[in-house]
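See below for my_file.tsv, which holds TSV, C-alpha atoms.
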```tsv
chain	number	residue	atom	x	y	z
A	966	MET	CA	-18.36	-3.87	23.96
A	967	ASN	CA	-16.20	-5.55	21.34
A	968	LEU	CA	-18.08	-3.74	18.60
A	969	SER	CA	-17.51	-0.32	20.19
A	970	LYS	CA	-13.84	-1.15	20.81
A	971	ASN	CA	-13.39	-2.13	17.17
A	972	LYS	CA	-15.08	1.08	16.03
A	973	LEU	CA	-12.81	3.09	18.31
A	974	ASP	CA	-9.71	1.39	16.90
A	975	THR	CA	-10.80	2.02	13.32
A	976	PHE	CA	-11.68	5.65	14.14
A	977	PHE	CA	-8.19	6.46	15.44
A	978	LEU	CA	-6.50	4.73	12.50
A	979	GLY	CA	-8.81	6.49	10.06
A	980	ALA	CA	-8.28	9.88	11.70
A	981	PHE	CA	-4.52	9.45	11.45
A	982	LEU	CA	-4.69	8.45	7.77
A	983	VAL	CA	-6.94	11.40	6.91
A	984	TYR	CA	-4.69	13.86	8.72
A	985	ILE	CA	-1.43	12.54	7.26
A	986	THR	CA	-2.88	12.36	3.72
A	987	VAL	CA	-4.06	15.97	3.85
A	988	TYR	CA	-0.83	17.09	5.51
A	989	ASN	CA	1.34	15.41	2.85
A	990	SER	CA	-0.58	17.06	0.01
A	991	ALA	CA	0.30	20.54	-1.21
A	992	PHE	CA	-0.86	21.64	2.26
A	993	LYS	CA	2.62	20.80	3.58
A	994	GLN	CA	4.28	23.21	1.16
A	995	ILE	CA	1.93	26.08	1.96
A	996	PHE	CA	1.59	25.74	5.73
A	997	THR	CA	5.14	25.29	6.97
A	998	SER	CA	4.65	25.83	10.71
A	999	ASN	CA	6.24	23.18	12.95
A	1000	ILE	CA	2.94	22.72	14.77
A	1001	TRP	CA	1.69	20.37	12.05
A	1002	GLN	CA	4.71	18.13	12.55
A	1003	TYR	CA	4.16	18.18	16.32
A	1004	ILE	CA	0.57	17.04	15.76
A	1005	THR	CA	1.95	14.14	13.72
A	1006	TYR	CA	4.25	13.13	16.61
A	1007	ALA	CA	1.33	13.38	19.03
A	1008	MET	CA	-0.78	11.09	16.85
A	1009	TYR	CA	2.08	8.57	16.68
A	1010	THR	CA	2.18	8.58	20.48
A	1011	VAL	CA	-1.58	8.15	20.82
A	1012	LEU	CA	-1.72	5.25	18.35
A	1013	TYR	CA	1.12	3.36	19.99
A	1014	GLY	CA	-0.31	4.06	23.46
A	1015	ILE	CA	-3.68	2.61	22.43
A	1016	PHE	CA	-1.93	-0.42	20.95
A	1017	ILE	CA	0.09	-1.11	24.12
A	1018	VAL	CA	-2.88	-0.65	26.48
A	1019	GLN	CA	-4.96	-3.13	24.50
A	1020	GLN	CA	-2.12	-5.65	24.22
A	1021	ILE	CA	-1.48	-5.68	27.98
A	1022	GLY	CA	-4.88	-7.16	28.69
A	1023	LYS	CA	-4.53	-9.94	26.14
A	1024	THR	CA	-3.27	-13.48	26.59
A	1025	GLN	CA	-0.26	-13.67	24.29
A	1026	THR	CA	2.08	-16.47	23.32
A	1027	VAL	CA	5.84	-16.07	23.56
A	1028	LYS	CA	6.04	-15.76	19.75
A	1029	GLN	CA	3.44	-13.01	19.73
A	1030	TRP	CA	5.17	-10.99	22.45
A	1031	LEU	CA	8.53	-11.46	20.74
A	1032	TYR	CA	7.07	-10.33	17.40
A	1033	VAL	CA	5.58	-7.19	18.97
A	1034	PHE	CA	8.79	-6.49	20.91
A	1035	ILE	CA	11.09	-6.76	17.87
A	1036	LEU	CA	8.86	-4.61	15.64
A	1037	SER	CA	8.53	-2.05	18.43
A	1038	LEU	CA	12.32	-1.84	18.63
A	1039	PHE	CA	12.46	-1.20	14.88
A	1040	MET	CA	9.73	1.42	15.19
A	1041	PHE	CA	11.46	3.38	17.98
A	1042	PHE	CA	14.85	3.08	16.30
A	1043	TYR	CA	13.68	4.64	13.03
A	1044	LEU	CA	11.43	7.24	14.68
A	1045	PHE	CA	14.31	8.47	16.84
A	1046	ARG	CA	16.52	8.58	13.77
A	1047	GLY	CA	13.96	10.90	12.21
A	1048	ASN	CA	12.90	8.36	9.58
A	1049	LEU	CA	9.15	8.76	10.00
A	1050	ASN	CA	8.28	6.75	6.89
A	1051	VAL	CA	9.93	3.52	8.08
A	1052	GLY	CA	8.94	4.09	11.70
A	1053	SER	CA	5.30	4.58	10.74
A	1054	ILE	CA	5.27	1.30	8.79
A	1055	PHE	CA	5.96	-0.61	12.00
A	1056	LEU	CA	3.67	1.64	14.06
A	1057	LEU	CA	0.61	1.28	11.81
A	1058	GLY	CA	1.38	-2.41	11.20
A	1059	LEU	CA	1.43	-3.07	14.93
A	1060	TYR	CA	-1.74	-1.03	15.44
A	1061	THR	CA	-3.66	-3.17	12.94
A	1062	ILE	CA	-3.04	-6.16	15.23
A	1063	ASN	CA	-5.79	-4.63	17.39
A	1064	LEU	CA	-8.19	-4.98	14.45
A	1065	MET	CA	-7.08	-8.50	13.42
A	1066	SER	CA	-9.05	-8.17	10.19
A	1067	ILE	CA	-7.77	-7.49	6.69
A	1068	ARG	CA	-11.22	-6.40	5.57
A	1069	SER	CA	-11.46	-3.85	8.39
A	1070	VAL	CA	-8.06	-2.40	7.49
A	1071	LEU	CA	-8.99	-2.14	3.81
A	1072	LYS	CA	-12.25	-0.39	4.72
A	1073	VAL	CA	-10.44	2.11	6.93
A	1074	TYR	CA	-8.00	2.91	4.12
A	1075	LEU	CA	-10.80	3.23	1.57
A	1076	PHE	CA	-12.97	5.61	3.60
A	1077	SER	CA	-9.95	7.56	4.88
A	1078	PHE	CA	-8.73	8.21	1.34
A	1079	LEU	CA	-12.23	9.17	0.20
A	1080	ILE	CA	-12.60	11.65	3.08
A	1081	SER	CA	-9.09	12.98	2.43
A	1082	LEU	CA	-9.86	13.64	-1.23
A	1083	LEU	CA	-13.07	15.42	-0.26
A	1084	VAL	CA	-11.18	17.62	2.21
A	1085	ILE	CA	-8.38	18.37	-0.27
A	1086	GLY	CA	-10.93	19.01	-3.03
A	1087	SER	CA	-12.79	21.45	-0.78
A	1088	LEU	CA	-9.55	23.28	-0.02
A	1089	CYS	CA	-8.98	23.54	-3.77
A	1090	VAL	CA	-12.42	25.04	-4.29
A	1091	LEU	CA	-11.65	27.55	-1.55
A	1092	LYS	CA	-8.37	28.29	-3.36
A	1093	ILE	CA	-6.33	27.31	-0.32
A	1094	LEU	CA	-4.64	24.47	-2.21
A	1095	PRO	CA	-3.65	24.67	-5.89
A	1096	ILE	CA	-5.58	22.96	-8.67
A	1097	HIS	CA	-2.61	23.22	-11.05
A	1098	ASP	CA	1.12	22.92	-10.47
A	1099	SER	CA	2.76	26.36	-10.37
A	1100	LEU	CA	5.92	25.21	-12.17
A	1101	TYR	CA	4.54	23.32	-15.17
A	1102	GLY	CA	0.80	24.05	-14.99
A	1103	MET	CA	-0.11	20.39	-14.65
A	1104	LEU	CA	-3.37	19.31	-13.03
A	1105	VAL	CA	-2.65	18.26	-9.42
A	1106	LEU	CA	-5.99	18.84	-7.61
A	1107	GLY	CA	-4.43	19.85	-4.32
A	1108	PHE	CA	-1.47	17.46	-4.29
A	1109	ARG	CA	2.17	18.22	-4.96
A	1110	ASN	CA	2.28	16.42	-8.31
A	1111	PRO	CA	-0.11	14.60	-10.68
A	1112	ASN	CA	1.30	11.18	-9.75
A	1113	SER	CA	0.24	11.56	-6.12
A	1114	THR	CA	-3.28	12.51	-7.18
A	1115	GLY	CA	-3.47	9.63	-9.62
A	1116	PHE	CA	-2.16	7.10	-7.15
A	1117	TYR	CA	-4.69	8.01	-4.44
A	1118	VAL	CA	-7.56	7.81	-6.95
A	1119	THR	CA	-6.24	4.47	-8.21
A	1120	CYS	CA	-5.86	3.18	-4.66
A	1121	ILE	CA	-9.50	4.01	-3.91
A	1122	LEU	CA	-10.63	2.07	-6.98
A	1123	LEU	CA	-8.40	-0.93	-6.19
A	1124	LEU	CA	-9.57	-1.07	-2.58
A	1125	HIS	CA	-13.24	-0.73	-3.54
A	1126	TRP	CA	-12.92	-3.49	-6.14
A	1127	THR	CA	-11.09	-5.74	-3.68
A	1128	LEU	CA	-13.78	-5.31	-1.03
A	1129	ASN	CA	-16.58	-5.85	-3.57
A	1130	TRP	CA	-14.89	-8.63	-5.53
A	1131	GLU	CA	-17.71	-11.15	-5.03
A	1132	ARG	CA	-20.47	-8.54	-5.23
A	1133	PHE	CA	-19.57	-6.30	-8.17
A	1134	SER	CA	-22.20	-3.67	-8.89
A	1135	VAL	CA	-22.90	-1.21	-11.67
A	1136	ILE	CA	-21.03	1.41	-9.63
A	1137	ASN	CA	-17.87	-0.71	-9.68
A	1138	TRP	CA	-17.99	-1.05	-13.46
A	1139	LEU	CA	-18.65	2.68	-13.90
A	1140	GLU	CA	-15.62	3.51	-11.78
A	1141	PHE	CA	-13.26	2.18	-14.44
A	1142	PRO	CA	-14.04	4.68	-17.26
A	1143	ILE	CA	-14.36	7.58	-14.80
A	1144	VAL	CA	-11.01	6.88	-13.15
A	1145	GLY	CA	-9.45	6.06	-16.52
A	1146	ILE	CA	-10.43	9.44	-17.99
A	1147	LEU	CA	-9.13	11.26	-14.90
A	1148	LEU	CA	-5.79	9.39	-15.05
A	1149	LEU	CA	-5.42	10.27	-18.73
A	1150	ARG	CA	-6.10	13.90	-17.84
A	1151	LEU	CA	-3.44	13.68	-15.12
A	1152	GLU	CA	-1.10	11.90	-17.56
A	1153	ASP	CA	-0.48	9.24	-14.92
A	1154	PHE	CA	-0.02	6.25	-17.20
A	1155	THR	CA	1.53	4.02	-14.52
A	1156	ALA	CA	-1.61	4.28	-12.40
A	1157	LEU	CA	-3.74	3.67	-15.49
A	1158	ILE	CA	-1.81	0.47	-16.23
A	1159	LEU	CA	-2.53	-0.76	-12.68
A	1160	VAL	CA	-6.25	-0.13	-13.15
A	1161	VAL	CA	-6.23	-1.97	-16.50
A	1162	ILE	CA	-4.41	-4.93	-14.90
A	1163	MET	CA	-7.03	-5.08	-12.14
A	1164	LEU	CA	-9.81	-5.01	-14.74
A	1165	LEU	CA	-8.24	-7.80	-16.81
A	1166	VAL	CA	-7.75	-9.96	-13.72
A	1167	LYS	CA	-11.37	-9.42	-12.71
A	1168	LEU	CA	-12.63	-10.41	-16.17
A	1169	THR	CA	-10.46	-13.57	-16.21
A	1170	TYR	CA	-10.52	-14.38	-12.48
A	1171	PRO	CA	-11.46	-18.09	-12.84
A	1172	PHE	CA	-8.33	-18.56	-14.94
A	1173	PHE	CA	-6.15	-16.96	-12.25
A	1174	GLU	CA	-7.77	-19.07	-9.52
A	1175	ARG	CA	-6.58	-22.19	-11.33
A	1176	LEU	CA	-3.23	-20.64	-12.20
A	1177	PHE	CA	-2.36	-19.88	-8.58
A	1178	LYS	CA	-2.53	-23.59	-7.74
A	1179	PHE	CA	0.46	-24.54	-9.92
A	1180	LYS	CA	3.70	-24.95	-7.98
A	1181	PHE	CA	5.75	-22.95	-10.48
A	1182	VAL	CA	3.33	-20.02	-10.21
A	1183	TYR	CA	3.25	-20.41	-6.43
A	1184	TYR	CA	7.01	-20.06	-6.04
A	1185	SER	CA	7.19	-17.33	-8.69
A	1186	ILE	CA	4.70	-15.20	-6.76
A	1187	VAL	CA	6.41	-15.80	-3.43
A	1188	LEU	CA	9.74	-14.74	-4.95
A	1189	LEU	CA	8.26	-11.92	-7.04
A	1190	PRO	CA	9.77	-9.10	-4.90
A	1191	ILE	CA	13.24	-10.66	-5.22
A	1192	ILE	CA	12.77	-11.16	-8.97
A	1193	PHE	CA	11.82	-7.51	-9.49
A	1194	LEU	CA	14.66	-6.40	-7.22
A	1195	GLY	CA	17.14	-8.37	-9.32
A	1196	ILE	CA	15.78	-6.96	-12.59
A	1197	CYS	CA	15.90	-3.36	-11.33
A	1198	LEU	CA	19.44	-3.78	-9.98
A	1199	TRP	CA	20.63	-5.34	-13.24
A	1200	ILE	CA	19.14	-2.51	-15.30
A	1201	GLY	CA	20.57	0.16	-13.01
A	1202	ILE	CA	24.06	-1.34	-12.88
A	1203	ASN	CA	24.28	-2.16	-16.58
A	1204	TYR	CA	22.66	0.99	-17.96
A	1205	ASN	CA	25.81	2.11	-19.78
A	1206	ASN	CA	26.71	-1.35	-21.08
A	1207	TYR	CA	23.95	-1.98	-23.63
A	1208	ASN	CA	22.59	0.17	-26.45
A	1209	PHE	CA	18.96	-0.87	-25.91
A	1210	MET	CA	19.05	0.74	-22.45
A	1211	MET	CA	18.58	4.16	-24.10
A	1212	LYS	CA	15.25	3.05	-25.58
A	1213	LEU	CA	14.28	1.50	-22.25
A	1214	ASP	CA	15.11	4.81	-20.59
A	1215	ASP	CA	12.70	6.60	-22.93
A	1216	VAL	CA	9.91	4.11	-22.22
A	1217	PHE	CA	10.35	4.27	-18.45
A	1218	THR	CA	10.79	8.08	-18.34
A	1219	SER	CA	14.48	8.11	-17.39
A	1220	ARG	CA	14.18	5.68	-14.47
A	1221	PRO	CA	17.03	3.37	-15.63
A	1222	SER	CA	19.47	6.29	-15.98
A	1223	ILE	CA	18.40	7.69	-12.62
A	1224	TRP	CA	18.87	4.27	-10.99
A	1225	ASN	CA	22.34	4.07	-12.51
A	1226	TYR	CA	23.23	7.50	-11.16
A	1227	TYR	CA	22.17	6.74	-7.58
A	1228	LEU	CA	23.61	3.21	-7.55
A	1229	THR	CA	26.93	4.68	-8.73
A	1230	ASN	CA	27.06	7.65	-6.37
A	1231	TYR	CA	25.25	6.39	-3.27
A	1232	LYS	CA	26.21	2.93	-2.10
A	1233	MET	CA	23.67	0.84	-0.23
A	1234	ASN	CA	24.47	0.63	3.47
A	1235	LEU	CA	22.78	-0.50	6.66
A	1236	PHE	CA	21.01	2.75	7.56
A	1237	GLY	CA	20.57	4.60	4.27
A	1238	ASN	CA	21.85	7.80	2.70
A	1239	ARG	CA	20.86	11.41	3.13
A	1240	LEU	CA	20.56	13.03	-0.29
A	1241	PRO	CA	21.56	16.68	-0.88
A	1242	ASP	CA	18.96	19.34	-1.63
A	1243	VAL	CA	17.54	19.30	-5.15
A	1244	VAL	CA	19.16	21.76	-7.57
A	1245	LEU	CA	16.90	22.46	-10.56
A	1246	TYR	CA	19.20	24.61	-12.70
A	1247	GLY	CA	22.90	25.06	-13.45
A	1248	VAL	CA	25.88	22.78	-13.98
A	1249	ASN	CA	25.33	20.96	-10.68
A	1250	ARG	CA	21.60	20.41	-11.19
A	1251	THR	CA	20.14	17.24	-9.73
A	1252	ILE	CA	19.58	14.47	-12.25
A	1253	GLY	CA	15.91	14.07	-13.12
A	1254	HIS	CA	15.10	17.32	-11.25
A	1255	GLY	CA	15.12	15.31	-8.03
A	1256	ALA	CA	12.78	12.57	-9.25
A	1257	PHE	CA	13.86	9.19	-7.89
A	1258	ASP	CA	11.18	6.57	-8.51
A	1259	GLY	CA	11.30	2.81	-8.20
A	1260	GLU	CA	10.86	1.33	-4.72
A	1261	PHE	CA	13.30	-1.55	-5.23
A	1262	ILE	CA	16.17	0.92	-5.79
A	1263	TYR	CA	14.94	3.97	-3.89
A	1264	PHE	CA	14.08	2.30	-0.58
A	1265	PRO	CA	17.39	0.49	0.15
A	1266	ILE	CA	19.47	3.51	-0.88
A	1267	ILE	CA	17.46	6.03	1.17
A	1268	ASN	CA	16.35	3.92	4.15
A	1269	GLY	CA	19.11	1.31	4.36
A	1270	LEU	CA	19.44	-2.43	4.01
A	1271	ILE	CA	18.25	-3.34	7.52
A	1272	ALA	CA	14.77	-1.90	6.96
A	1273	PHE	CA	14.66	-3.09	3.35
A	1274	ILE	CA	15.63	-6.70	4.10
A	1275	GLY	CA	13.23	-6.83	7.04
A	1276	LEU	CA	10.28	-5.52	5.04
A	1277	MET	CA	11.09	-7.70	2.05
A	1278	GLY	CA	11.11	-10.73	4.36
A	1279	LEU	CA	7.69	-9.77	5.76
A	1280	LEU	CA	6.36	-9.20	2.23
A	1281	ILE	CA	7.57	-12.58	0.96
A	1282	PHE	CA	6.20	-14.42	4.01
A	1283	SER	CA	2.83	-12.66	3.68
A	1284	LEU	CA	2.60	-13.65	0.00
A	1285	ARG	CA	3.24	-17.24	1.04
A	1286	LYS	CA	0.48	-17.11	3.66
A	1287	LEU	CA	-1.98	-15.54	1.22
A	1288	LEU	CA	-1.35	-18.29	-1.32
A	1289	ARG	CA	-1.56	-21.09	1.24
A	1290	SER	CA	-4.81	-19.70	2.62
A	1291	LYS	CA	-6.21	-19.14	-0.89
A	1292	GLN	CA	-6.80	-15.45	-0.20
A	1293	TYR	CA	-6.53	-14.72	-3.89
A	1294	THR	CA	-8.37	-11.38	-3.91
A	1295	VAL	CA	-5.99	-9.80	-1.41
A	1296	LEU	CA	-3.10	-11.56	-3.15
A	1297	ILE	CA	-4.02	-9.85	-6.43
A	1298	LEU	CA	-4.01	-6.48	-4.65
A	1299	PHE	CA	-0.53	-7.25	-3.29
A	1300	ILE	CA	0.78	-8.31	-6.71
A	1301	ILE	CA	-0.52	-5.15	-8.39
A	1302	TYR	CA	1.21	-2.95	-5.83
A	1303	ILE	CA	4.42	-4.98	-6.16
A	1304	ILE	CA	4.30	-4.42	-9.92
A	1305	SER	CA	3.85	-0.70	-9.30
A	1306	ALA	CA	6.98	-0.71	-7.09
A	1307	VAL	CA	9.15	-1.23	-10.17
A	1308	SER	CA	8.50	2.36	-11.25
A	1309	GLU	CA	6.89	4.03	-8.20
A	1310	ASN	CA	7.63	4.41	-4.48
A	1311	GLN	CA	4.26	3.81	-2.81
A	1312	LEU	CA	4.63	0.13	-1.84
A	1313	PHE	CA	6.35	0.90	1.47
A	1314	ILE	CA	4.63	4.22	2.19
A	1315	PRO	CA	1.90	3.29	4.71
A	1316	PHE	CA	-0.07	6.54	4.19
A	1317	GLN	CA	-0.53	5.79	0.48
A	1318	CYS	CA	-0.72	2.01	0.29
A	1319	PRO	CA	-2.09	-0.59	2.74
A	1320	VAL	CA	0.30	-3.39	1.74
A	1321	ALA	CA	3.08	-2.48	4.20
A	1322	VAL	CA	0.77	-2.53	7.24
A	1323	LEU	CA	-1.20	-5.56	6.05
A	1324	MET	CA	1.91	-7.69	5.67
A	1325	ILE	CA	2.81	-6.99	9.31
A	1326	LEU	CA	-0.68	-8.05	10.38
A	1327	ILE	CA	-0.60	-11.17	8.18
A	1328	CYS	CA	2.79	-12.23	9.59
A	1329	TYR	CA	1.61	-11.82	13.19
A	1330	PRO	CA	1.82	-15.26	14.90
A	1331	GLY	CA	-1.63	-16.71	15.28
A	1332	PHE	CA	-3.30	-14.40	12.76
A	1333	ARG	CA	-6.12	-16.12	10.89
A	1334	PHE	CA	-7.81	-14.91	7.75
A	1335	GLU	CA	-11.52	-14.17	7.68
A	1336	ARG	CA	-13.52	-16.88	6.01
A	1337	ASN	CA	-14.17	-16.43	2.32
A	1338	GLN	CA	-17.63	-14.98	1.64
A	1339	ASP	CA	-18.51	-17.78	-0.77
A	1340	GLU	CA	-17.62	-20.40	1.85
A	1341	ILE	CA	-19.85	-18.72	4.42
A	1342	GLU	CA	-22.81	-18.62	2.04
A	1343	LYS	CA	-22.28	-22.21	0.94
A	1344	ASP	CA	-22.16	-23.48	4.53
A	1345	ASN	CA	-25.18	-21.41	5.47
A	1346	TYR	CA	-27.13	-22.64	2.46
A	1347	ASN	CA	-26.46	-26.28	3.29
A	1348	SER	CA	-27.23	-25.95	6.99
A	1349	ASP	CA	-30.62	-26.13	8.66
A	1350	ARG	CA	-32.03	-23.07	10.39
A	1351	PRO	CA	-34.38	-23.65	13.35
A	1352	ASN	CA	-36.25	-20.39	12.85
A	1353	GLY	CA	-37.56	-21.49	9.45
A	1354	ARG	CA	-36.16	-18.59	7.44
A	1355	SER	CA	-35.95	-19.27	3.74
A	1356	ARG	CA	-32.65	-19.98	2.00
A	1357	TRP	CA	-33.29	-16.92	-0.16
A	1358	GLY	CA	-33.51	-14.82	2.99
A	1359	ARG	CA	-30.40	-16.41	4.44
A	1360	ASP	CA	-28.42	-15.66	1.32
A	1361	ARG	CA	-29.47	-12.05	1.39
A	1362	SER	CA	-28.45	-11.69	5.04
A	1363	TYR	CA	-24.83	-12.43	4.09
A	1364	GLN	CA	-24.73	-9.94	1.25
A	1365	VAL	CA	-22.57	-7.47	3.11
A	1366	TYR	CA	-20.59	-5.96	0.23
```
Translate the structure of the given file into structure tokens.
Amino acid sequence: MNLSKNKLDTFFLGAFLVYITVYNSAFKQIFTSNIWQYITYAMYTVLYGIFIVQQIGKTQTVKQWLYVFILSLFMFFYLFRGNLNVGSIFLLGLYTINLMSIRSVLKVYLFSFLISLLVIGSLCVLKILPIHDSLYGMLVLGFRNPNSTGFYVTCILLLHWTLNWERFSVINWLEFPIVGILLLRLEDFTALILVVIMLLVKLTYPFFERLFKFKFVYYSIVLLPIIFLGICLWIGINYNNYNFMMKLDDVFTSRPSIWNYYLTNYKMNLFGNRLPDVVLYGVNRTIGHGAFDGEFIYFPIINGLIAFIGLMGLLIFSLRKLLRSKQYTVLILFIIYIISAVSENQLFIPFQCPVAVLMILICYPGFRFERNQDEIEKDNYNSDRPNGRSRWGRDRSYQVY
């Protein structure tokens, strides 16, 4: 019964992720009927309904009920304000409490993104979705821009490597050059840097295992989101005060100048700002043709300080729990996505990145991490088995990656 319930929970989460990924591709620009948005609302309702029904039958502590109640208030508040991105963070985060497993969530994201890419690719073959961008002729493979394509491909690789960290196969190693060539073709160098970082960490993992145990490194990682926030704010505010900022602007494809523009013209407030429509040409054209990348600047300006401070608090607390529990593989995944948030916006987009929903699950009172695979095998190896199975056979039975 528990197995079927878990499969049902993962099915609904996976179905939602597949639908929303396909819908937010170039599909959204071509099929503009309101019915697709109504389907999204219906799926939100179904997911939250399933979550509530399953929570009612559980024995909960006061802290757990309070946690669910507060996050539900945030979810309804932002959904009714029309901010589906922030509302869905809390919705999907709460829903993962039904799964109570980081590994299960990562698997759902991995397979959902794979299925989504297959669906979008098929629509490209059928010429329903574009293979190239109509404005600049860039390769997009069914998405609205090359960066979205590159980030989904990169996310699949990162998730697959995270799940197979202790059981790397030839397929995992082959993924790196294949994805690398595709990212070069897409000209998505930010995503390529993330893949290279993941590869370097994998090759030097014993070094990082020791490094994470130092107190200075511990506190630096816990405060990493605040450190990056401070750096981005300083660059954006001081863009016109230093000559070297021009060179930095060239390296980071105009992000510092764009940050300066929005920090100057749109003050951070509690509930965020509504930006005007993008104007591509003329005297009043939008700076950067509407591009506004960099989560640490974009999110508080667009979505407001209440959501930003709340999510940053959850992120910092989840980093602390990952370090204390020595969940270094998942921690590395978090750090890579936090690094990406300096120049991209995916960190707090729950349809493109699992970090936002995972941190809500990790911060849930009473949540416990799954045991490390190496610990399970070591305990099993050292224990006696009454059925007389060999240690070789026992080791193989735990090879689940």
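When the distance limit is 9 Å and all atoms listed in the file are what count, the residues near segment 1191-1197 of chain A, minus those fewer than 5 positions from it on the same chain, are Ser1185, Ile1202, Pro1221, Trp1224, Gly1259, Glu1260, Phe1261, Ile1262, Met1277, Ile1281, Ile1303, Ile1304, Ala1306 and Val1307 of chain A.
Taking atom CA of Lys972 of chain A and atom CA of Ser1066 of chain A as endpoints, the distance between them is 12.5 Å.
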To box segment 1116-1132 of chain A, take all atoms listed in the file, fit an axis-aligned box, add 6 Å on each side, and give centre and edge lengths in Å to one decimal, as lines of an AutoDock Vina configuration file.
```
center_x = -11.3
center_y = -1.6
center_z = -4.6
size_x = 30.3
size_y = 31.2
size_z = 19.2
```
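Going from atom CA of Met1103 of chain A over to atom CA of Gly1086 of chain A, you cover 15.9 Å.
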**Study point:** Pick from A:Ile1223, A:Ile1015, A:Leu1213, A:Leu1064, whichever lies nearest to Ile1252 of chain A using all atoms listed in the file
**Key:** A:Ile1223
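Closest to Ile1162 of chain A among A:Asn1129, A:Ser1305, A:Gln994, A:Ser1069 is A:Ser1305, based on only C-alpha atoms.
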Nearby residues (only C-alpha atoms) at most 12 Å from segment 980-985 of chain A, same-chain spacing under 2 positions excluded, as a PDB file with C-alpha atoms, in the frame of the given file:
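Saved as around_17.pdb:
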```
ATOM      1  CA  LYS A 972     -15.080   1.080  16.030  1.00  0.00           C
ATOM      2  CA  LEU A 973     -12.810   3.090  18.310  1.00  0.00           C
ATOM      3  CA  ASP A 974      -9.710   1.390  16.900  1.00  0.00           C
ATOM      4  CA  THR A 975     -10.800   2.020  13.320  1.00  0.00           C
ATOM      5  CA  PHE A 976     -11.680   5.650  14.140  1.00  0.00           C
ATOM      6  CA  PHE A 977      -8.190   6.460  15.440  1.00  0.00           C
ATOM      7  CA  LEU A 978      -6.500   4.730  12.500  1.00  0.00           C
ATOM      8  CA  VAL A 987      -4.060  15.970   3.850  1.00  0.00           C
ATOM      9  CA  TYR A 988      -0.830  17.090   5.510  1.00  0.00           C
ATOM     10  CA  ASN A 989       1.340  15.410   2.850  1.00  0.00           C
ATOM     11  CA  SER A 990      -0.580  17.060   0.010  1.00  0.00           C
ATOM     12  CA  ALA A 991       0.300  20.540  -1.210  1.00  0.00           C
ATOM     13  CA  PHE A 992      -0.860  21.640   2.260  1.00  0.00           C
ATOM     14  CA  LYS A 993       2.620  20.800   3.580  1.00  0.00           C
ATOM     15  CA  TRP A1001       1.690  20.370  12.050  1.00  0.00           C
ATOM     16  CA  GLN A1002       4.710  18.130  12.550  1.00  0.00           C
ATOM     17  CA  ILE A1004       0.570  17.040  15.760  1.00  0.00           C
ATOM     18  CA  THR A1005       1.950  14.140  13.720  1.00  0.00           C
ATOM     19  CA  TYR A1006       4.250  13.130  16.610  1.00  0.00           C
ATOM     20  CA  ALA A1007       1.330  13.380  19.030  1.00  0.00           C
ATOM     21  CA  MET A1008      -0.780  11.090  16.850  1.00  0.00           C
ATOM     22  CA  TYR A1009       2.080   8.570  16.680  1.00  0.00           C
ATOM     23  CA  THR A1010       2.180   8.580  20.480  1.00  0.00           C
ATOM     24  CA  VAL A1011      -1.580   8.150  20.820  1.00  0.00           C
ATOM     25  CA  LEU A1012      -1.720   5.250  18.350  1.00  0.00           C
ATOM     26  CA  TYR A1013       1.120   3.360  19.990  1.00  0.00           C
ATOM     27  CA  LEU A1049       9.150   8.760  10.000  1.00  0.00           C
ATOM     28  CA  ASN A1050       8.280   6.750   6.890  1.00  0.00           C
ATOM     29  CA  SER A1053       5.300   4.580  10.740  1.00  0.00           C
ATOM     30  CA  LEU A1056       3.670   1.640  14.060  1.00  0.00           C
ATOM     31  CA  LEU A1057       0.610   1.280  11.810  1.00  0.00           C
ATOM     32  CA  TYR A1060      -1.740  -1.030  15.440  1.00  0.00           C
ATOM     33  CA  VAL A1070      -8.060  -2.400   7.490  1.00  0.00           C
ATOM     34  CA  VAL A1073     -10.440   2.110   6.930  1.00  0.00           C
ATOM     35  CA  TYR A1074      -8.000   2.910   4.120  1.00  0.00           C
ATOM     36  CA  LEU A1075     -10.800   3.230   1.570  1.00  0.00           C
ATOM     37  CA  PHE A1076     -12.970   5.610   3.600  1.00  0.00           C
ATOM     38  CA  SER A1077      -9.950   7.560   4.880  1.00  0.00           C
ATOM     39  CA  PHE A1078      -8.730   8.210   1.340  1.00  0.00           C
ATOM     40  CA  LEU A1079     -12.230   9.170   0.200  1.00  0.00           C
ATOM     41  CA  ILE A1080     -12.600  11.650   3.080  1.00  0.00           C
ATOM     42  CA  SER A1081      -9.090  12.980   2.430  1.00  0.00           C
ATOM     43  CA  LEU A1082      -9.860  13.640  -1.230  1.00  0.00           C
ATOM     44  CA  LEU A1083     -13.070  15.420  -0.260  1.00  0.00           C
ATOM     45  CA  VAL A1084     -11.180  17.620   2.210  1.00  0.00           C
ATOM     46  CA  ILE A1085      -8.380  18.370  -0.270  1.00  0.00           C
ATOM     47  CA  ILE A1314       4.630   4.220   2.190  1.00  0.00           C
ATOM     48  CA  PRO A1315       1.900   3.290   4.710  1.00  0.00           C
ATOM     49  CA  PHE A1316      -0.070   6.540   4.190  1.00  0.00           C
ATOM     50  CA  GLN A1317      -0.530   5.790   0.480  1.00  0.00           C
ATOM     51  CA  CYS A1318      -0.720   2.010   0.290  1.00  0.00           C
ATOM     52  CA  PRO A1319      -2.090  -0.590   2.740  1.00  0.00           C
TER      53      PRO A1319
END
```
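Close to (22.0, 6.5, -1.2), meaning no more than 7 Å away when counting all atoms listed in the file, sit the residues Tyr1227, Tyr1231, Lys1232, Met1233, Gly1237, Asn1238, Arg1239, Leu1240, Ile1266 and Ile1267 of chain A.
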